[in-house]
Amino acid sequence: MTRPITKSMDIPVADGEGERYSLRMGPQHPATHGVLRVDLELDGETIVECTPQVGYLHRGFEKLAENKTYAQALILTDRLDYIAAMANNVGYCVAVERLLDISVPLRAKYIRTIVAEMSRICSHLLWLATHALDIGAMTVFLYCFREREILLDLFEELCGARLTFSYPRIGGVRQDVTARFIDGLQRFLDIFPSKIEEYETLIDTNRIWLKRTVGIGKVSGEEALALGLTGACLRGSGVDYDVRKHQPYDAYALVDFEVPLGSDGDIYARYRCRMEELHQSARIIQQCIDQLPPGPIAGPDAPDLVMPNKVPARIEAGTNVYGTGLIKLVRDRNLYISGDVYVATEVPKGELGFYFISDGNNRPYRMHIRSPSFIHIGALAAIARGELIADLIANIGSLDVVLGESDR
Amino acid sequence: MEQMAIVDGLRAAFPDEILHSYTNQGQTAVVVRPGRIVDMLRWLRDTDTIRMNHLRSLCGVDNVRRKESGLSRFEVVYNLYSIPLRHEIRVRAEVGDKEPAIDSVVELWAGANWLERETYDLLGIRFNNHPDLRRVLMPDDWVGHPLRKDYPLRGREEWVGMTELLAKVQELDRFGFDPEGHAHGQAIPDEEDEE
């Protein structure tokens, strides 16, 4: 039993007999996308054994959530996958709504679909940028960040935040979209398909890119299912599973889109899947803008802080205006029902699931987060074993992991 | 296939193992004894009309403060989904009060490996025949299992690793690497003010 902190000070020494030696990659390695540590057992450049170690970013969200109300715990989900915080927020809200039987108006559903797809584009752009950078294509990085910036500006226009939004709320969204936001989004959608082509001309048939990705990190469909891979990693292996199609939530049942599938299950197939998903996301957003119905943006029984319309002229000492409003809402509508529910949503990384147990209290009795990154890192050992150490970097990038989500 | 029909099939195949079942928000769950969990999940995965081939999540629960009566203190919850047939079911296995343990399902889904490690780490539920049952999120020498309901939200004392690290920092300070102590949270004196 040794601790990472002391262990990392040991210097691995080749014993002089075989060529086997151990190497510790991370947690400060730039290509591990956060604080992932991989303990490697190497034979020359070939990986004999690979043991990923996580937990450096563990903040105990599941424990914290048990001590917060449902509305308060929303902000924790921003910090899961901080690259696509909006998708996590939406996933959390959808799950709590199912648990507590809260209805959402149609307009809010459309808006949430728009922002979830925007964050999918953001996440895929950042994935492409860093993944390409990891395996030697510098230019793509700058191109992707250029477009991602437009989306972040749009998020700022929408809710004032650029990375951690907490914009969706249980039972709807916090604020209505503005005409300027829709205009900006439309301008983005007009240029975006040509930008995707731009990335593709850079790397799609690039000989170096192909050498680094084709036939590397192969996972068969069966294997991917057993390992629990979801998202583009599973679809790259040819398994048709997308929560948006299988168990539609928000407005996904009302829009038309395709689920791109790969067949080879290698890094290139996963890359192609994600590039196709960029097109599909843009298509979904376009349809949502066109169909966006008028109406309220939050349901009548949304258990959330509601800003008082009129601030009383005189507030007695010791009264909390916001607090009293909240308690009133809760008592009047008898929101909290007991039971358990597992609700999954398709976030950019894969299937994000929330398993809630409610005890009739205003706090979750238990909240389990099924985070795709955690399971993908767990699968890394099986995928990288027997391959070259240089391909480990490509594999980590291609699994698209975020340590904030993995460690929770 | 209807979820209740799956439960009926499971009950017919394992009559002694099923305790009860219920439906909440359109999701059916079945509460079972832990003894033959691997056989049951294999049956759910391999039966042609059910084919639950996707283990969506696996987690543990500490029921000690739950208002429902008649539950064992710990349980392990499996959420299963069938990708080809598009139906789901939840299996809740009661694993006892003291020294909770259950058989590992890694042989069915390799991906259960880390999920079971996490459950062991945070709730202290042991998984028999697990290939590598170590802590995964908490440090190896952590004491206690944080998601248990009797574990405090705020710790009583500093983690031993942190204490050792601080001692190491102070030891290095003696060599004058950082005489002002800037790196350890002390305020940096404003030089202009002093002049």
# chains A, B, ... in the order shown; residues from 1 in each chain; ligands from 1
>>> residues_around(residues="B:Glu158", least_positions_apart="6", cutoff="12 Å", atoms="only C-alpha atoms", output="NGL selection string")
:B and (142-143 or 164-166)
>>> closest_atom_pairs(of="chain A", to="chain B", cutoff="6 Å", atoms="only C-alpha atoms", output="Markdown table")
| residue | atom | partner | partner_atom | distance |
| --- | --- | --- | --- | --- |
| A:Gly55 | CA | B:Leu137 | CA | 4.0 |
| A:Lys63 | CA | B:Leu147 | CA | 5.9 |
| A:Ala226 | CA | B:Trp109 | CA | 4.5 |
| A:Leu227 | CA | B:Gly111 | CA | 3.9 |
| A:Gly228 | CA | B:Gly111 | CA | 5.1 |
| A:Arg370 | CA | B:Ser57 | CA | 5.9 |
| A:Gly378 | CA | B:Trp114 | CA | 5.9 |
>>> atom_distance(atom1="atom CA of A:Thr69", atom2="atom CA of A:Asn361")
8.8 Å
>>> residues_around(residues="stretch 207-224 of chain A", least_positions_apart="5", cutoff="6 Å", atoms="only C-alpha atoms", output="PDB file with all heavy atoms, in the first residue's frame")
ATOM      1  N   LEU A 229     -18.280   0.913 -23.173  1.00  0.00           N
ATOM      2  CA  LEU A 229     -18.073   2.136 -23.948  1.00  0.00           C
ATOM      3  C   LEU A 229     -19.407   2.637 -24.482  1.00  0.00           C
ATOM      4  O   LEU A 229     -20.285   1.843 -24.827  1.00  0.00           O
ATOM      5  CB  LEU A 229     -17.127   1.879 -25.127  1.00  0.00           C
ATOM      6  CG  LEU A 229     -15.728   1.375 -24.827  1.00  0.00           C
ATOM      7  CD1 LEU A 229     -14.912   1.315 -26.103  1.00  0.00           C
ATOM      8  CD2 LEU A 229     -15.038   2.256 -23.822  1.00  0.00           C
ATOM      9  N   LEU A 234     -18.465   3.716 -28.944  1.00  0.00           N
ATOM     10  CA  LEU A 234     -19.257   2.511 -29.222  1.00  0.00           C
ATOM     11  C   LEU A 234     -19.732   2.517 -30.667  1.00  0.00           C
ATOM     12  O   LEU A 234     -19.686   1.497 -31.359  1.00  0.00           O
ATOM     13  CB  LEU A 234     -20.454   2.464 -28.266  1.00  0.00           C
ATOM     14  CG  LEU A 234     -21.363   1.248 -28.340  1.00  0.00           C
ATOM     15  CD1 LEU A 234     -20.606  -0.014 -28.008  1.00  0.00           C
ATOM     16  CD2 LEU A 234     -22.527   1.391 -27.376  1.00  0.00           C
ATOM     17  N   SER A 237     -17.472   1.415 -33.366  1.00  0.00           N
ATOM     18  CA  SER A 237     -17.340  -0.032 -33.530  1.00  0.00           C
ATOM     19  C   SER A 237     -18.586  -0.636 -34.167  1.00  0.00           C
ATOM     20  O   SER A 237     -18.744  -1.859 -34.177  1.00  0.00           O
ATOM     21  CB  SER A 237     -17.087  -0.689 -32.178  1.00  0.00           C
ATOM     22  OG  SER A 237     -15.927  -0.168 -31.593  1.00  0.00           O
ATOM     23  N   VAL A 239     -21.895  -0.327 -33.283  1.00  0.00           N
ATOM     24  CA  VAL A 239     -23.087  -0.616 -32.486  1.00  0.00           C
ATOM     25  C   VAL A 239     -23.986   0.620 -32.499  1.00  0.00           C
ATOM     26  O   VAL A 239     -23.556   1.700 -32.124  1.00  0.00           O
ATOM     27  CB  VAL A 239     -22.718  -0.986 -31.038  1.00  0.00           C
ATOM     28  CG1 VAL A 239     -23.958  -1.311 -30.246  1.00  0.00           C
ATOM     29  CG2 VAL A 239     -21.759  -2.157 -31.026  1.00  0.00           C
ATOM     30  N   GLY A 265     -13.936   0.327 -35.791  1.00  0.00           N
ATOM     31  CA  GLY A 265     -13.665   0.400 -34.359  1.00  0.00           C
ATOM     32  C   GLY A 265     -12.269   0.894 -34.024  1.00  0.00           C
ATOM     33  O   GLY A 265     -11.800   0.720 -32.915  1.00  0.00           O
ATOM     34  N   ASP A 266     -11.587   1.520 -34.966  1.00  0.00           N
ATOM     35  CA  ASP A 266     -10.264   2.076 -34.665  1.00  0.00           C
ATOM     36  C   ASP A 266     -10.375   3.584 -34.436  1.00  0.00           C
ATOM     37  O   ASP A 266     -11.465   4.147 -34.457  1.00  0.00           O
ATOM     38  CB  ASP A 266      -9.265   1.747 -35.791  1.00  0.00           C
ATOM     39  CG  ASP A 266      -9.737   2.254 -37.137  1.00  0.00           C
ATOM     40  OD1 ASP A 266     -10.823   2.863 -37.179  1.00  0.00           O
ATOM     41  OD2 ASP A 266      -9.041   2.041 -38.134  1.00  0.00           O
ATOM     42  N   ILE A 267      -9.237   4.205 -34.199  1.00  0.00           N
ATOM     43  CA  ILE A 267      -9.252   5.624 -33.866  1.00  0.00           C
ATOM     44  C   ILE A 267      -9.834   6.441 -35.027  1.00  0.00           C
ATOM     45  O   ILE A 267     -10.585   7.392 -34.823  1.00  0.00           O
ATOM     46  CB  ILE A 267      -7.828   6.100 -33.516  1.00  0.00           C
ATOM     47  CG1 ILE A 267      -7.367   5.391 -32.249  1.00  0.00           C
ATOM     48  CG2 ILE A 267      -7.777   7.601 -33.323  1.00  0.00           C
ATOM     49  CD1 ILE A 267      -5.969   5.721 -31.836  1.00  0.00           C
ATOM     50  N   TYR A 268      -9.521   6.017 -36.228  1.00  0.00           N
ATOM     51  CA  TYR A 268     -10.026   6.757 -37.391  1.00  0.00           C
ATOM     52  C   TYR A 268     -11.555   6.678 -37.457  1.00  0.00           C
ATOM     53  O   TYR A 268     -12.214   7.670 -37.767  1.00  0.00           O
ATOM     54  CB  TYR A 268      -9.402   6.199 -38.671  1.00  0.00           C
ATOM     55  CG  TYR A 268      -9.678   7.048 -39.892  1.00  0.00           C
ATOM     56  CD1 TYR A 268      -9.035   8.261 -40.059  1.00  0.00           C
ATOM     57  CD2 TYR A 268     -10.597   6.641 -40.851  1.00  0.00           C
ATOM     58  CE1 TYR A 268      -9.288   9.052 -41.154  1.00  0.00           C
ATOM     59  CE2 TYR A 268     -10.857   7.439 -41.959  1.00  0.00           C
ATOM     60  CZ  TYR A 268     -10.198   8.640 -42.109  1.00  0.00           C
ATOM     61  OH  TYR A 268     -10.452   9.427 -43.187  1.00  0.00           O
ATOM     62  N   ILE A 383      -7.687  -1.624 -24.126  1.00  0.00           N
ATOM     63  CA  ILE A 383      -7.494  -1.140 -25.494  1.00  0.00           C
ATOM     64  C   ILE A 383      -6.016  -0.939 -25.804  1.00  0.00           C
ATOM     65  O   ILE A 383      -5.544  -1.269 -26.894  1.00  0.00           O
ATOM     66  CB  ILE A 383      -8.279   0.176 -25.701  1.00  0.00           C
ATOM     67  CG1 ILE A 383      -9.778  -0.081 -25.527  1.00  0.00           C
ATOM     68  CG2 ILE A 383      -8.015   0.753 -27.083  1.00  0.00           C
ATOM     69  CD1 ILE A 383     -10.612   1.160 -25.482  1.00  0.00           C
TER      70      ILE A 383
END
>>> closest_residue(among="A:Ile47, A:Ile203, A:Met138, A:Ala132", to="A:Ala384", atoms="only C-alpha atoms")
A:Ile47
>>> select_by_dssp(residues="stretch 44-258 of chain A", states="helix (DSSP H, G or I)", output="PyMOL selection string")
chain A and resi 61-65+70-78+85-100+106-134+138-159+179-203+207-213+221-227+232-235+243-246+252-254
>>> residues_around(residues="stretch 252-262 of chain A", least_positions_apart="2", cutoff="10 Å", atoms="only C-alpha atoms", output="ChimeraX atom specification")
/A:109-110,113,232-250,264-266,268-277,279-288,291
>>> residues_around(residues="B:Ile50", least_positions_apart="3", cutoff="8 Å", atoms="only C-alpha atoms", output="count of residues only")
8
>>> residues_around(residues="B:Arg126", least_positions_apart="4", cutoff="9 Å", atoms="only C-alpha atoms", output="PDB file with N, CA and C atoms, in the first residue's frame")
ATOM      1  N   GLU B  99     -20.343  -6.297   6.969  1.00  0.00           N
ATOM      2  CA  GLU B  99     -19.448  -6.895   5.988  1.00  0.00           C
ATOM      3  C   GLU B  99     -20.190  -7.291   4.711  1.00  0.00           C
ATOM      4  N   PRO B 100     -20.779  -6.307   4.033  1.00  0.00           N
ATOM      5  CA  PRO B 100     -21.542  -6.615   2.828  1.00  0.00           C
ATOM      6  C   PRO B 100     -20.637  -7.149   1.729  1.00  0.00           C
ATOM      7  N   ALA B 101     -21.123  -8.164   1.018  1.00  0.00           N
ATOM      8  CA  ALA B 101     -20.329  -8.751  -0.066  1.00  0.00           C
ATOM      9  C   ALA B 101     -21.270  -9.374  -1.083  1.00  0.00           C
ATOM     10  N   ILE B 102     -20.818  -9.414  -2.310  1.00  0.00           N
ATOM     11  CA  ILE B 102     -21.602  -9.996  -3.406  1.00  0.00           C
ATOM     12  C   ILE B 102     -20.615 -10.479  -4.459  1.00  0.00           C
ATOM     13  N   ASP B 103     -21.066 -11.408  -5.321  1.00  0.00           N
ATOM     14  CA  ASP B 103     -20.168 -11.893  -6.375  1.00  0.00           C
ATOM     15  C   ASP B 103     -19.971 -10.826  -7.436  1.00  0.00           C
ATOM     16  N   SER B 104     -18.768 -10.809  -7.993  1.00  0.00           N
ATOM     17  CA  SER B 104     -18.453  -9.825  -9.022  1.00  0.00           C
ATOM     18  C   SER B 104     -19.055 -10.244 -10.365  1.00  0.00           C
ATOM     19  N   GLU B 116     -17.287  -1.664  -9.895  1.00  0.00           N
ATOM     20  CA  GLU B 116     -17.267  -2.400  -8.630  1.00  0.00           C
ATOM     21  C   GLU B 116     -16.174  -1.867  -7.715  1.00  0.00           C
ATOM     22  N   ARG B 117     -15.054  -1.484  -8.308  1.00  0.00           N
ATOM     23  CA  ARG B 117     -14.002  -0.879  -7.490  1.00  0.00           C
ATOM     24  C   ARG B 117     -14.509   0.389  -6.833  1.00  0.00           C
ATOM     25  N   THR B 119     -17.628   1.144  -6.102  1.00  0.00           N
ATOM     26  CA  THR B 119     -18.585   0.805  -5.055  1.00  0.00           C
ATOM     27  C   THR B 119     -17.864   0.334  -3.794  1.00  0.00           C
ATOM     28  N   TYR B 120     -16.806  -0.459  -3.993  1.00  0.00           N
ATOM     29  CA  TYR B 120     -16.016  -0.910  -2.845  1.00  0.00           C
ATOM     30  C   TYR B 120     -15.356   0.275  -2.164  1.00  0.00           C
ATOM     31  N   HIS B 130     -13.356 -10.640  -7.622  1.00  0.00           N
ATOM     32  CA  HIS B 130     -12.994  -9.477  -8.432  1.00  0.00           C
ATOM     33  C   HIS B 130     -11.486  -9.539  -8.713  1.00  0.00           C
ATOM     34  N   LEU B 133      -9.516  -5.723  -6.706  1.00  0.00           N
ATOM     35  CA  LEU B 133     -10.388  -4.912  -5.844  1.00  0.00           C
ATOM     36  C   LEU B 133      -9.557  -3.949  -5.003  1.00  0.00           C
TER      37      LEU B 133
END
>>> atom_distance(atom1="atom CA of A:Lys68", atom2="atom CA of A:Tyr365")
10.0 Å
>>> residues_around(residues="A:His368", least_positions_apart="5", cutoff="7 Å", atoms="only C-alpha atoms", output="list in words")
Glu62, Phe354, Tyr355 and Phe356 of chain A; Cys59 of chain B
>>> select_by_dssp(residues="stretch 45-176 of chain B", states="strand (DSSP E)", output="PyMOL selection string")
chain B and resi 54-62+74-82+87-94+101-103+126-128
